[in-house]
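A.B. asks: The structure file model.csv (CSV, C-alpha atoms) is provided below.
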```
chain,number,residue,atom,x,y,z
A,187,THR,CA,-24.8,5.7,-21.5
A,188,GLU,CA,-21.9,7.6,-20.1
A,189,TYR,CA,-24.1,10.3,-18.7
A,190,HIS,CA,-26.4,7.7,-17.3
A,191,LEU,CA,-23.4,6.0,-15.6
A,192,GLY,CA,-22.3,9.4,-14.2
A,193,LEU,CA,-25.7,10.1,-12.8
A,194,LEU,CA,-25.9,6.7,-11.2
A,195,LYS,CA,-22.5,7.3,-9.7
A,196,ALA,CA,-23.7,10.6,-8.2
A,197,LYS,CA,-26.8,8.9,-6.8
A,198,LEU,CA,-24.8,6.0,-5.4
A,199,ALA,CA,-22.4,8.4,-3.6
A,200,LYS,CA,-25.4,10.3,-2.2
A,201,TYR,CA,-27.2,7.2,-0.9
A,202,ARG,CA,-24.0,5.8,0.6
A,203,ALA,CA,-23.5,9.0,2.5
A,204,GLN,CA,-27.1,8.6,3.9
A,205,LEU,CA,-26.4,5.0,4.8
A,206,LEU,CA,-23.3,5.9,6.7
A,207,GLU,CA,-24.9,8.6,8.8
A,208,PRO,CA,-26.1,6.9,11.9
A,209,SER,CA,-29.9,7.1,12.6
A,210,LYS,CA,-30.9,10.2,14.4
A,211,SER,CA,-32.7,8.5,17.3
A,212,SER,CA,-29.8,6.2,18.2
A,213,ALA,CA,-29.4,4.8,21.7
A,214,ALA,CA,-26.8,6.1,24.3
A,215,LYS,CA,-23.5,6.7,22.6
A,216,GLY,CA,-20.8,4.1,23.1
A,217,GLU,CA,-17.4,5.1,24.3
A,218,GLY,CA,-15.4,6.7,21.5
A,219,PHE,CA,-11.7,6.1,21.8
A,220,ASP,CA,-10.0,9.1,20.3
A,221,VAL,CA,-6.6,9.7,21.9
A,222,MET,CA,-5.2,13.2,22.4
A,223,LYS,CA,-2.7,14.2,19.7
A,224,SER,CA,0.8,14.2,21.0
A,225,GLY,CA,4.2,14.3,19.4
A,226,ASP,CA,5.0,15.7,15.9
A,227,ALA,CA,3.0,13.3,13.8
A,228,ARG,CA,0.5,10.5,14.3
A,229,VAL,CA,0.4,7.2,12.5
A,230,ALA,CA,-2.5,4.8,12.7
A,231,LEU,CA,-2.2,1.0,12.4
A,232,ILE,CA,-5.2,-0.6,10.8
A,233,GLY,CA,-5.7,-4.1,9.6
A,234,PHE,CA,-7.7,-7.3,10.1
A,235,PRO,CA,-7.7,-8.9,13.6
A,236,SER,CA,-4.5,-11.0,14.3
A,237,VAL,CA,-2.2,-9.7,11.7
A,238,GLY,CA,0.4,-8.4,14.2
A,239,LYS,CA,-0.6,-4.8,14.9
A,240,SER,CA,-0.1,-5.1,18.7
A,241,THR,CA,3.1,-7.0,18.4
A,242,PHE,CA,4.4,-4.3,16.1
A,243,LEU,CA,3.5,-1.6,18.6
A,244,SER,CA,5.2,-3.4,21.4
A,245,LEU,CA,8.4,-3.9,19.3
A,246,MET,CA,8.6,-0.3,18.1
A,247,THR,CA,7.6,1.6,21.2
A,248,SER,CA,8.1,1.2,24.9
A,249,THR,CA,4.3,0.6,25.3
A,250,ALA,CA,3.3,-3.0,25.7
A,251,SER,CA,0.1,-3.8,23.9
A,252,GLU,CA,-1.5,-7.1,24.8
A,253,ALA,CA,-1.2,-9.7,22.0
A,254,ALA,CA,-2.6,-13.2,22.0
A,255,SER,CA,-3.6,-15.9,19.6
A,256,TYR,CA,-7.3,-15.0,19.4
A,257,GLU,CA,-8.9,-12.2,17.4
A,258,PHE,CA,-9.9,-8.8,18.9
A,259,THR,CA,-7.3,-9.0,21.7
A,260,THR,CA,-7.1,-5.2,21.4
A,261,LEU,CA,-10.4,-3.5,22.2
A,262,THR,CA,-9.6,0.2,22.4
A,263,CYS,CA,-7.0,2.5,21.0
A,264,ILE,CA,-3.6,2.0,22.5
A,265,PRO,CA,-1.1,4.8,21.8
A,266,GLY,CA,2.7,4.5,21.8
A,267,VAL,CA,5.6,6.8,20.8
A,268,ILE,CA,8.4,6.1,18.4
A,269,GLU,CA,11.5,8.3,18.8
A,270,TYR,CA,13.2,8.7,15.5
A,271,LYS,CA,15.6,11.3,14.2
A,272,GLY,CA,14.7,13.6,17.1
A,273,ALA,CA,11.0,13.5,16.3
A,274,ASN,CA,8.3,11.9,18.5
A,275,ILE,CA,5.9,9.9,16.3
A,276,GLN,CA,2.7,8.8,17.9
A,277,LEU,CA,1.7,5.3,16.9
A,278,LEU,CA,-1.9,4.2,17.4
A,279,ASP,CA,-2.7,0.5,17.8
A,280,LEU,CA,-6.4,0.2,16.7
A,281,PRO,CA,-8.7,-2.8,17.0
A,282,GLY,CA,-9.0,-5.0,13.9
A,283,ILE,CA,-11.3,-4.0,11.1
A,284,ILE,CA,-13.6,-6.6,9.7
A,285,GLU,CA,-15.7,-6.6,6.5
A,286,GLY,CA,-18.6,-4.2,6.9
A,287,ALA,CA,-16.7,-2.0,9.4
A,288,ALA,CA,-17.9,1.2,7.6
A,289,GLN,CA,-21.5,0.2,8.6
A,290,GLY,CA,-20.4,0.0,12.2
A,291,LYS,CA,-19.6,-3.7,12.6
A,292,GLY,CA,-17.1,-4.6,15.3
A,293,ARG,CA,-16.9,-0.9,16.3
A,294,GLY,CA,-15.4,-0.3,12.9
A,295,ARG,CA,-16.8,3.2,12.8
A,296,GLN,CA,-14.8,4.5,15.7
A,297,VAL,CA,-11.7,2.8,14.4
A,298,ILE,CA,-12.0,4.5,11.0
A,299,ALA,CA,-12.8,7.8,12.7
A,300,VAL,CA,-9.5,7.6,14.5
A,301,ALA,CA,-7.7,6.7,11.3
A,302,ARG,CA,-9.1,9.8,9.6
A,303,THR,CA,-7.2,12.0,12.1
A,304,ALA,CA,-3.8,10.4,11.4
A,305,ASP,CA,-1.1,11.8,9.1
A,306,VAL,CA,-0.1,8.4,7.7
A,307,VAL,CA,-2.0,5.1,7.7
A,308,ILE,CA,0.0,1.9,8.1
A,309,MET,CA,-2.1,-1.0,6.7
A,310,MET,CA,-1.0,-4.2,8.3
A,311,LEU,CA,-1.5,-7.2,6.1
A,312,ASP,CA,-0.9,-10.9,6.6
A,313,ALA,CA,1.6,-11.9,3.9
A,314,THR,CA,0.0,-15.4,3.8
A,315,LYS,CA,-3.3,-13.9,2.7
A,316,GLY,CA,-2.4,-10.4,1.6
A,317,GLU,CA,-4.2,-9.7,-1.6
A,318,VAL,CA,-7.7,-10.4,-0.3
A,319,GLN,CA,-7.2,-8.3,2.9
A,320,ARG,CA,-5.8,-5.3,1.0
A,321,ALA,CA,-8.7,-5.1,-1.4
A,322,LEU,CA,-11.3,-5.4,1.4
A,323,LEU,CA,-9.6,-2.8,3.6
A,324,GLU,CA,-9.2,-0.3,0.8
A,325,LYS,CA,-12.9,-0.7,0.0
A,326,GLU,CA,-13.9,-0.1,3.6
A,327,LEU,CA,-11.7,3.1,3.8
A,328,GLU,CA,-12.9,4.3,0.4
A,329,SER,CA,-16.5,4.1,1.5
A,330,VAL,CA,-16.0,6.4,4.4
A,331,GLY,CA,-14.2,9.0,2.3
A,332,ILE,CA,-10.5,8.2,3.0
A,333,ARG,CA,-8.5,8.2,-0.2
A,334,LEU,CA,-5.1,6.4,0.1
A,335,ASN,CA,-2.0,7.6,-1.8
A,336,LYS,CA,-4.0,9.9,-4.0
A,337,ASN,CA,-3.7,13.6,-4.5
A,338,LYS,CA,-6.6,16.0,-4.1
A,339,PRO,CA,-8.2,16.5,-7.6
A,340,ASN,CA,-7.1,19.8,-9.0
A,341,ILE,CA,-10.6,21.2,-9.5
A,342,TYR,CA,-11.8,24.6,-8.5
A,343,PHE,CA,-15.4,24.5,-7.4
A,344,LYS,CA,-17.3,27.3,-5.8
A,345,PRO,CA,-21.1,27.5,-5.2
A,346,LYS,CA,-22.6,30.8,-6.2
A,347,LYS,CA,-25.8,32.8,-5.4
A,348,GLY,CA,-26.9,33.0,-9.0
A,349,GLY,CA,-25.9,33.0,-12.7
A,350,GLY,CA,-26.1,29.3,-13.5
A,351,ILE,CA,-23.2,26.9,-13.9
A,352,SER,CA,-20.1,28.3,-15.5
A,353,PHE,CA,-17.8,25.4,-16.6
A,354,ASN,CA,-14.2,25.7,-17.8
A,355,SER,CA,-11.2,23.5,-18.2
A,356,THR,CA,-7.6,24.2,-18.8
A,357,VAL,CA,-6.9,20.7,-20.2
A,358,THR,CA,-8.9,18.4,-22.6
A,359,LEU,CA,-11.2,16.2,-20.7
A,360,THR,CA,-11.6,12.6,-21.6
A,361,GLN,CA,-13.7,11.3,-18.7
A,362,CYS,CA,-16.0,14.2,-18.0
A,363,SER,CA,-18.0,16.6,-20.2
A,364,GLU,CA,-20.0,19.8,-19.4
A,365,LYS,CA,-23.3,18.0,-19.6
A,366,LEU,CA,-22.2,15.3,-17.2
A,367,VAL,CA,-20.9,17.9,-14.7
A,368,GLN,CA,-24.2,19.7,-14.9
A,369,LEU,CA,-26.2,16.5,-14.3
A,370,ILE,CA,-24.0,15.5,-11.3
A,371,LEU,CA,-24.4,19.0,-9.8
A,372,HIS,CA,-28.2,18.9,-10.3
A,373,GLU,CA,-28.3,15.6,-8.5
A,374,TYR,CA,-26.8,17.5,-5.5
A,375,LYS,CA,-29.3,20.3,-6.0
A,376,ILE,CA,-26.6,22.8,-7.0
A,377,PHE,CA,-27.7,25.0,-9.8
A,378,ASN,CA,-25.3,28.0,-9.5
A,379,ALA,CA,-21.6,27.3,-9.3
A,380,GLU,CA,-18.3,27.9,-10.9
A,381,VAL,CA,-16.3,24.8,-12.0
A,382,LEU,CA,-12.8,24.8,-13.3
A,383,PHE,CA,-11.0,21.6,-14.2
A,384,ARG,CA,-7.2,22.0,-14.0
A,385,GLU,CA,-6.6,18.3,-14.7
A,386,ASP,CA,-8.3,15.4,-16.4
A,387,CYS,CA,-10.5,13.9,-13.6
A,388,SER,CA,-13.0,11.1,-13.4
A,389,PRO,CA,-16.7,11.7,-12.4
A,390,ASP,CA,-15.9,10.0,-9.0
A,391,GLU,CA,-13.1,12.5,-8.3
A,392,PHE,CA,-15.5,15.4,-9.2
A,393,ILE,CA,-18.1,14.0,-6.8
A,394,ASP,CA,-15.4,13.9,-4.1
A,395,VAL,CA,-14.8,17.6,-4.7
A,396,ILE,CA,-18.5,18.5,-4.4
A,397,VAL,CA,-19.0,16.5,-1.2
A,398,GLY,CA,-15.8,18.0,0.2
A,399,ASN,CA,-15.3,15.9,3.3
A,400,ARG,CA,-12.7,13.5,1.8
A,401,VAL,CA,-9.4,12.9,3.5
A,402,TYR,CA,-6.4,12.3,1.3
A,403,MET,CA,-3.6,10.5,3.1
A,404,PRO,CA,-0.4,8.5,2.4
A,405,CYS,CA,-0.6,4.8,3.2
A,406,LEU,CA,2.1,2.2,3.7
A,407,TYR,CA,1.1,-1.4,3.0
A,408,VAL,CA,3.1,-3.5,5.5
A,409,TYR,CA,3.1,-7.3,4.9
A,410,ASN,CA,3.8,-9.0,8.2
A,411,LYS,CA,4.7,-12.7,8.9
A,412,ILE,CA,7.0,-13.1,5.9
A,413,ASP,CA,8.8,-15.9,7.6
A,414,GLN,CA,5.9,-18.1,6.7
A,415,ILE,CA,6.1,-17.7,2.9
A,416,SER,CA,8.6,-18.4,0.1
A,417,MET,CA,11.4,-16.1,-0.9
A,418,GLU,CA,9.9,-15.5,-4.4
A,419,GLU,CA,6.6,-14.4,-2.8
A,420,VAL,CA,8.4,-12.0,-0.4
A,421,ASP,CA,10.3,-10.5,-3.4
A,422,ARG,CA,7.1,-10.0,-5.3
A,423,LEU,CA,5.4,-8.3,-2.4
A,424,ALA,CA,8.4,-6.1,-1.7
A,425,ARG,CA,8.5,-4.8,-5.3
A,426,ARG,CA,4.9,-3.5,-5.2
A,427,PRO,CA,4.4,0.3,-4.9
A,428,HIS,CA,4.0,1.7,-1.3
A,429,SER,CA,4.8,-1.8,0.2
A,430,VAL,CA,7.2,-3.0,2.9
A,431,VAL,CA,7.7,-6.5,4.0
A,432,ILE,CA,8.5,-7.3,7.7
A,433,SER,CA,8.4,-10.0,10.3
A,434,CYS,CA,7.6,-9.0,13.8
A,435,GLY,CA,8.3,-12.4,15.2
A,436,MET,CA,11.8,-12.6,13.8
A,437,LYS,CA,12.3,-8.8,13.8
A,438,LEU,CA,13.2,-8.6,10.1
A,439,ASN,CA,13.3,-5.3,8.1
A,440,LEU,CA,11.9,-3.1,10.9
A,441,ASP,CA,14.6,-0.4,10.5
A,442,TYR,CA,13.7,-0.1,6.8
A,443,LEU,CA,10.1,0.3,7.6
A,444,LEU,CA,11.0,3.2,9.9
A,445,GLU,CA,12.9,4.9,7.1
A,446,LYS,CA,10.0,4.5,4.8
A,447,LEU,CA,7.6,5.9,7.4
A,448,TRP,CA,9.8,9.0,7.9
A,449,GLU,CA,9.7,9.5,4.1
A,450,TYR,CA,5.9,9.3,4.0
A,451,LEU,CA,5.5,11.6,7.0
A,452,ALA,CA,7.5,14.2,5.1
A,453,LEU,CA,8.8,15.9,8.3
A,454,THR,CA,11.7,18.3,8.4
A,455,CYS,CA,14.1,19.0,11.3
A,456,ILE,CA,15.2,22.5,11.8
A,457,TYR,CA,18.0,23.5,14.3
A,458,THR,CA,18.3,26.8,16.0
A,459,LYS,CA,21.4,28.8,16.8
A,460,LYS,CA,22.2,31.7,19.1
A,461,ARG,CA,24.4,34.5,17.9
A,462,GLY,CA,28.1,33.7,18.4
A,463,GLN,CA,27.4,30.1,19.6
A,464,ARG,CA,27.4,26.7,17.9
A,465,PRO,CA,24.0,25.4,16.7
A,466,ASP,CA,22.1,23.3,19.2
A,467,PHE,CA,21.8,19.9,17.5
A,468,THR,CA,20.2,18.2,20.5
A,469,ASP,CA,16.8,19.9,20.3
A,470,ALA,CA,15.3,20.1,16.8
A,471,ILE,CA,12.1,21.9,15.8
A,472,ILE,CA,10.0,19.4,13.8
A,473,LEU,CA,7.8,20.9,11.1
A,474,ARG,CA,6.0,19.6,8.0
A,475,LYS,CA,7.6,19.7,4.6
A,476,GLY,CA,7.1,23.1,2.9
A,477,ALA,CA,7.4,25.1,6.1
A,478,SER,CA,8.6,28.7,5.9
A,479,VAL,CA,10.6,30.8,8.3
A,480,GLU,CA,7.3,32.2,9.6
A,481,HIS,CA,6.2,28.7,10.7
A,482,VAL,CA,9.5,28.4,12.6
A,483,CYS,CA,8.9,31.7,14.3
A,484,HIS,CA,5.4,30.7,15.4
A,485,ARG,CA,6.7,27.4,16.7
A,486,ILE,CA,9.3,29.1,18.9
A,487,HIS,CA,6.9,31.9,20.2
A,488,ARG,CA,3.8,33.4,18.6
A,489,SER,CA,5.0,37.0,19.2
A,490,LEU,CA,8.3,36.4,17.4
A,491,ALA,CA,7.0,36.8,13.9
A,492,SER,CA,5.8,40.4,14.6
A,493,GLN,CA,9.2,41.4,15.9
A,494,PHE,CA,11.1,39.5,13.2
A,495,LYS,CA,13.8,41.5,11.3
A,496,TYR,CA,15.7,38.9,9.3
A,497,ALA,CA,17.1,35.4,9.7
A,498,LEU,CA,20.3,33.8,8.8
A,499,VAL,CA,20.0,30.3,7.3
A,500,TRP,CA,22.7,27.6,6.8
A,501,GLY,CA,21.8,24.5,4.8
A,502,THR,CA,20.5,23.1,1.6
A,503,SER,CA,17.6,25.6,1.1
A,504,THR,CA,20.0,28.6,0.6
A,505,LYS,CA,22.1,29.6,-2.4
A,506,TYR,CA,25.1,30.3,-0.1
A,507,SER,CA,25.6,29.8,3.7
A,508,PRO,CA,24.7,31.8,5.7
A,509,GLN,CA,22.1,33.6,3.7
A,510,ARG,CA,19.9,36.5,4.9
A,511,VAL,CA,16.3,35.6,4.4
A,512,GLY,CA,12.8,36.9,5.1
A,513,LEU,CA,9.6,35.3,6.5
A,514,THR,CA,8.6,33.7,3.3
A,515,HIS,CA,11.8,31.6,2.8
A,516,MET,CA,11.1,27.8,2.6
A,517,MET,CA,13.1,25.7,5.0
A,518,GLU,CA,14.5,22.3,4.2
A,519,HIS,CA,15.5,19.2,6.2
A,520,GLU,CA,18.3,19.8,8.7
A,521,ASP,CA,18.7,23.6,8.1
A,522,VAL,CA,20.1,25.8,10.8
A,523,ILE,CA,18.5,29.1,11.5
A,524,GLN,CA,19.4,32.2,13.5
A,525,ILE,CA,16.6,34.7,14.0
A,526,VAL,CA,17.4,38.4,14.4
A,527,LYS,CA,14.7,40.6,16.1
A,528,LYS,CA,14.0,44.3,15.5
```
Go ahead and express the file in the form of structure tokens.
C.D. replies:
Amino acid sequence: TEYHLGLLKAKLAKYRAQLLEPSKSSAAKGEGFDVMKSGDARVALIGFPSVGKSTFLSLMTSTASEAASYEFTTLTCIPGVIEYKGANIQLLDLPGIIEGAAQGKGRGRQVIAVARTADVVIMMLDATKGEVQRALLEKELESVGIRLNKNKPNIYFKPKKGGGISFNSTVTLTQCSEKLVQLILHEYKIFNAEVLFREDCSPDEFIDVIVGNRVYMPCLYVYNKIDQISMEEVDRLARRPHSVVISCGMKLNLDYLLEKLWEYLALTCIYTKKRGQRPDFTDAIILRKGASVEHVCHRIHRSLASQFKYALVWGTSTKYSPQRVGLTHMMEHEDVIQIVKK
């Protein structure tokens, strides 16, 4: 029965993908509303109509997004910029998603396409009817290949020219077996491949790896309108993982939301310093977490890495300050760097 279930899962995933692809002979394309990427990171606001996405955008940024007491006030994507800790974070206010958005209802397709390009998704939920909305939105995003708050499955998968399927695992598998993996691969017409499981994954996660167009992104669940529910309920919502409670109307808890957002974006600020002068703390270089000295060089100028001799780094990433480092040294938040050229 397990094999049968696995096979059905593979078939389901395949048919869903066919359903989501728009018909080839579709009429003239509607206006897509992707906005040019600007700033250091981009955050998408998604949620049902009238949960306070536009009000939130108007509060956090200097952009005014129209908000009214009827649904679908926002019809296109409205960008705004939050300036926080020296970084410019682009915030996108998207139209509301309704049930069946993945099939294209209420321009849901374009909305979700924009959400795929973001670094973090903020899911706006109405605290008065939060649970239902959260489950529905997760289902919509799941069906178009967006995985929220999950890591990529640690499976090595490589299609080959010949030699059948070689299957290996470094851990004991409780959810998958070799036979099941073969069946799923046959369903996708893959007969020669190398598969290595480095962690115990479910068949669904394995299918994600084969299909390969999945996006894994962090998501913050933001419960708005908490001024309309009881304190006990607010407390219960606030203790859930990845959740923040706010009220846009009464401007409650917005600063904490910004802190959480910064944590989820995982950005690092790096300051530069000229020889014999004090570091310039006004203008930071914003990079992703896990950036090396080489990334910093490319950010300053692309020819700098080739002329690089060594760098001096002050901060938490070094054993002592200043430390002489090479191109591969990993930078941490608020480090100061001085680059010496050949």
A.B. asks: Go ahead and compute the interatomic distance for CA of Val408 in chain A and CA of Asn337 in chain A, in Å to one decimal.
C.D. replies: 20.9 Å
A.B. asks: My list of candidates is A:Leu191, A:Val300, A:Leu423, A:Leu444. Which is closest to Ile275 in chain A when distances are computed with all atoms listed in the file?
C.D. replies: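 Checking each candidate against Ile275 in chain A, we get A:Leu444 as the closest.
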A.B. asks: So, with only C-alpha atoms as the atoms that count, which of A:Lys375, A:Lys195, A:Arg302, A:Lys475 lies closest to Glu520 in chain A?
C.D. replies: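 Of all the options, A:Lys475 lies closest to Glu520 in chain A.
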A.B. asks: Excluding same-chain residues fewer than 5 positions from Gly266 in chain A, what lies within 8 Å of it counting all atoms listed in the file, as a count of residues only?
C.D. replies: 8
A.B. asks: Using only C-alpha atoms, find the one residue out of A:Ile432, A:Ala452, A:Leu406, A:Met517 that sits nearest to Cys483 in chain A.
C.D. replies: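 Ranking A:Ile432, A:Ala452, A:Leu406, A:Met517 by distance to Cys483 in chain A, first place goes to A:Met517.
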A.B. asks: With 10 Å as the threshold, what does the neighbourhood of (11.6, -8.3, 0.1) contain in terms of residues, counting all atoms listed in the file? Coordinates are those of the file; answer as a compact mmCIF listing (two decimals) with C-alpha atoms, in the frame of the given file.
C.D. replies:
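Contents of the output file selection-v2.txt:
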```txt
# COMPACT_ATOMS: atom_id res chain seq x y z
CA TYR A 409 3.10 -7.30 4.90
CA ILE A 412 7.00 -13.10 5.90
CA MET A 417 11.40 -16.10 -0.90
CA GLU A 418 9.90 -15.50 -4.40
CA GLU A 419 6.60 -14.40 -2.80
CA VAL A 420 8.40 -12.00 -0.40
CA ASP A 421 10.30 -10.50 -3.40
CA ARG A 422 7.10 -10.00 -5.30
CA LEU A 423 5.40 -8.30 -2.40
CA ALA A 424 8.40 -6.10 -1.70
CA ARG A 425 8.50 -4.80 -5.30
CA ARG A 426 4.90 -3.50 -5.20
CA SER A 429 4.80 -1.80 0.20
CA VAL A 430 7.20 -3.00 2.90
CA VAL A 431 7.70 -6.50 4.00
CA ILE A 432 8.50 -7.30 7.70
CA ASN A 439 13.30 -5.30 8.10
```
A.B. asks: Need the shell around Tyr407 in chain A: protein/DNA/RNA residues with any atom at most 12 Å away, counting only C-alpha atoms. Skip same-chain ones fewer than 4 positions apart. Format as JSON, numbers by chain?
C.D. replies: {"A": [231, 232, 233, 306, 307, 308, 309, 310, 311, 312, 313, 316, 317, 319, 320, 321, 323, 324, 334, 335, 423, 424, 425, 426, 427, 428, 429, 430, 431, 432, 443, 446, 447, 450]}
A.B. asks: Taking all atoms listed in the file into account, which of A:Lys344, A:Thr303, A:Pro404, A:Ile523 comes nearest Ile376 in chain A?
C.D. replies: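 Looking at the shortest contact to Ile376 in chain A, the residue is A:Lys344.
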A.B. asks: Please identify all polymer residues within 7 Å of range 509-512 of chain A, counting all atoms listed in the file, omitting same-chain residues fewer than 5 positions from it, and present them as a VMD selection string.
C.D. replies: chain A and resid 496 to 500 504
A.B. asks: Take the residues just selected and output them with C-alpha atoms as a short mmCIF file (atom, residue, chain, number, x, y, z; two decimals), keeping the file's coordinate frame.
C.D. replies:
```cif
data_model
loop_
_atom_site.label_atom_id
_atom_site.label_comp_id
_atom_site.auth_asym_id
_atom_site.auth_seq_id
_atom_site.Cartn_x
_atom_site.Cartn_y
_atom_site.Cartn_z
CA TYR A 496 15.70 38.90 9.30
CA ALA A 497 17.10 35.40 9.70
CA LEU A 498 20.30 33.80 8.80
CA VAL A 499 20.00 30.30 7.30
CA TRP A 500 22.70 27.60 6.80
CA THR A 504 20.00 28.60 0.60
#
```
A.B. asks: Taking into account all atoms listed in the file, which residue in the set A:His481, A:Pro345, A:Ala203, A:Pro281 is nearest to Ile396 in chain A?
C.D. replies: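 For Ile396 in chain A, the nearest of the candidates is A:Pro345.
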A.B. asks: Choose the residue, out of A:Tyr270, A:Leu322, A:Ile393, A:Arg333, that has the smallest atom-to-atom separation from Tyr374 in chain A; count only C-alpha atoms.
C.D. replies: A:Ile393
A.B. asks: Can you give me N, CA and C atoms for range 478-492 of chain A, written as a short mmCIF file (atom, residue, chain, number, x, y, z; two decimals), in the coordinates of the input?
C.D. replies:
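As a result, out.cif now contains:
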```
data_model
loop_
_atom_site.label_atom_id
_atom_site.label_comp_id
_atom_site.auth_asym_id
_atom_site.auth_seq_id
_atom_site.Cartn_x
_atom_site.Cartn_y
_atom_site.Cartn_z
N SER A 478 7.77 27.48 6.11
CA SER A 478 8.60 28.70 5.90
C SER A 478 9.16 29.17 7.19
N VAL A 479 9.97 30.23 7.10
CA VAL A 479 10.60 30.80 8.30
C VAL A 479 9.51 31.27 9.28
N GLU A 480 8.38 31.73 8.73
CA GLU A 480 7.30 32.20 9.60
C GLU A 480 6.76 31.07 10.48
N HIS A 481 6.65 29.86 9.91
CA HIS A 481 6.20 28.70 10.70
C HIS A 481 7.17 28.44 11.86
N VAL A 482 8.48 28.57 11.55
CA VAL A 482 9.50 28.40 12.60
C VAL A 482 9.31 29.36 13.72
N CYS A 483 9.07 30.64 13.33
CA CYS A 483 8.90 31.70 14.30
C CYS A 483 7.68 31.38 15.23
N HIS A 484 6.56 30.98 14.60
CA HIS A 484 5.40 30.70 15.40
C HIS A 484 5.61 29.51 16.33
N ARG A 485 6.45 28.57 15.88
CA ARG A 485 6.70 27.40 16.70
C ARG A 485 7.54 27.77 17.94
N ILE A 486 8.45 28.73 17.78
CA ILE A 486 9.30 29.10 18.90
C ILE A 486 8.44 29.99 19.89
N HIS A 487 7.82 31.05 19.35
CA HIS A 487 6.90 31.90 20.20
C HIS A 487 6.03 32.65 19.24
N ARG A 488 4.74 32.81 19.61
CA ARG A 488 3.80 33.40 18.60
C ARG A 488 4.03 34.90 18.44
N SER A 489 4.76 35.56 19.36
CA SER A 489 5.00 37.00 19.20
C SER A 489 6.25 37.25 18.37
N LEU A 490 6.97 36.18 18.04
CA LEU A 490 8.30 36.40 17.40
C LEU A 490 8.16 36.87 15.96
N ALA A 491 7.11 36.42 15.26
CA ALA A 491 7.00 36.80 13.90
C ALA A 491 6.75 38.30 13.69
N SER A 492 6.08 38.93 14.67
CA SER A 492 5.80 40.40 14.60
C SER A 492 7.07 41.19 14.85
#
```
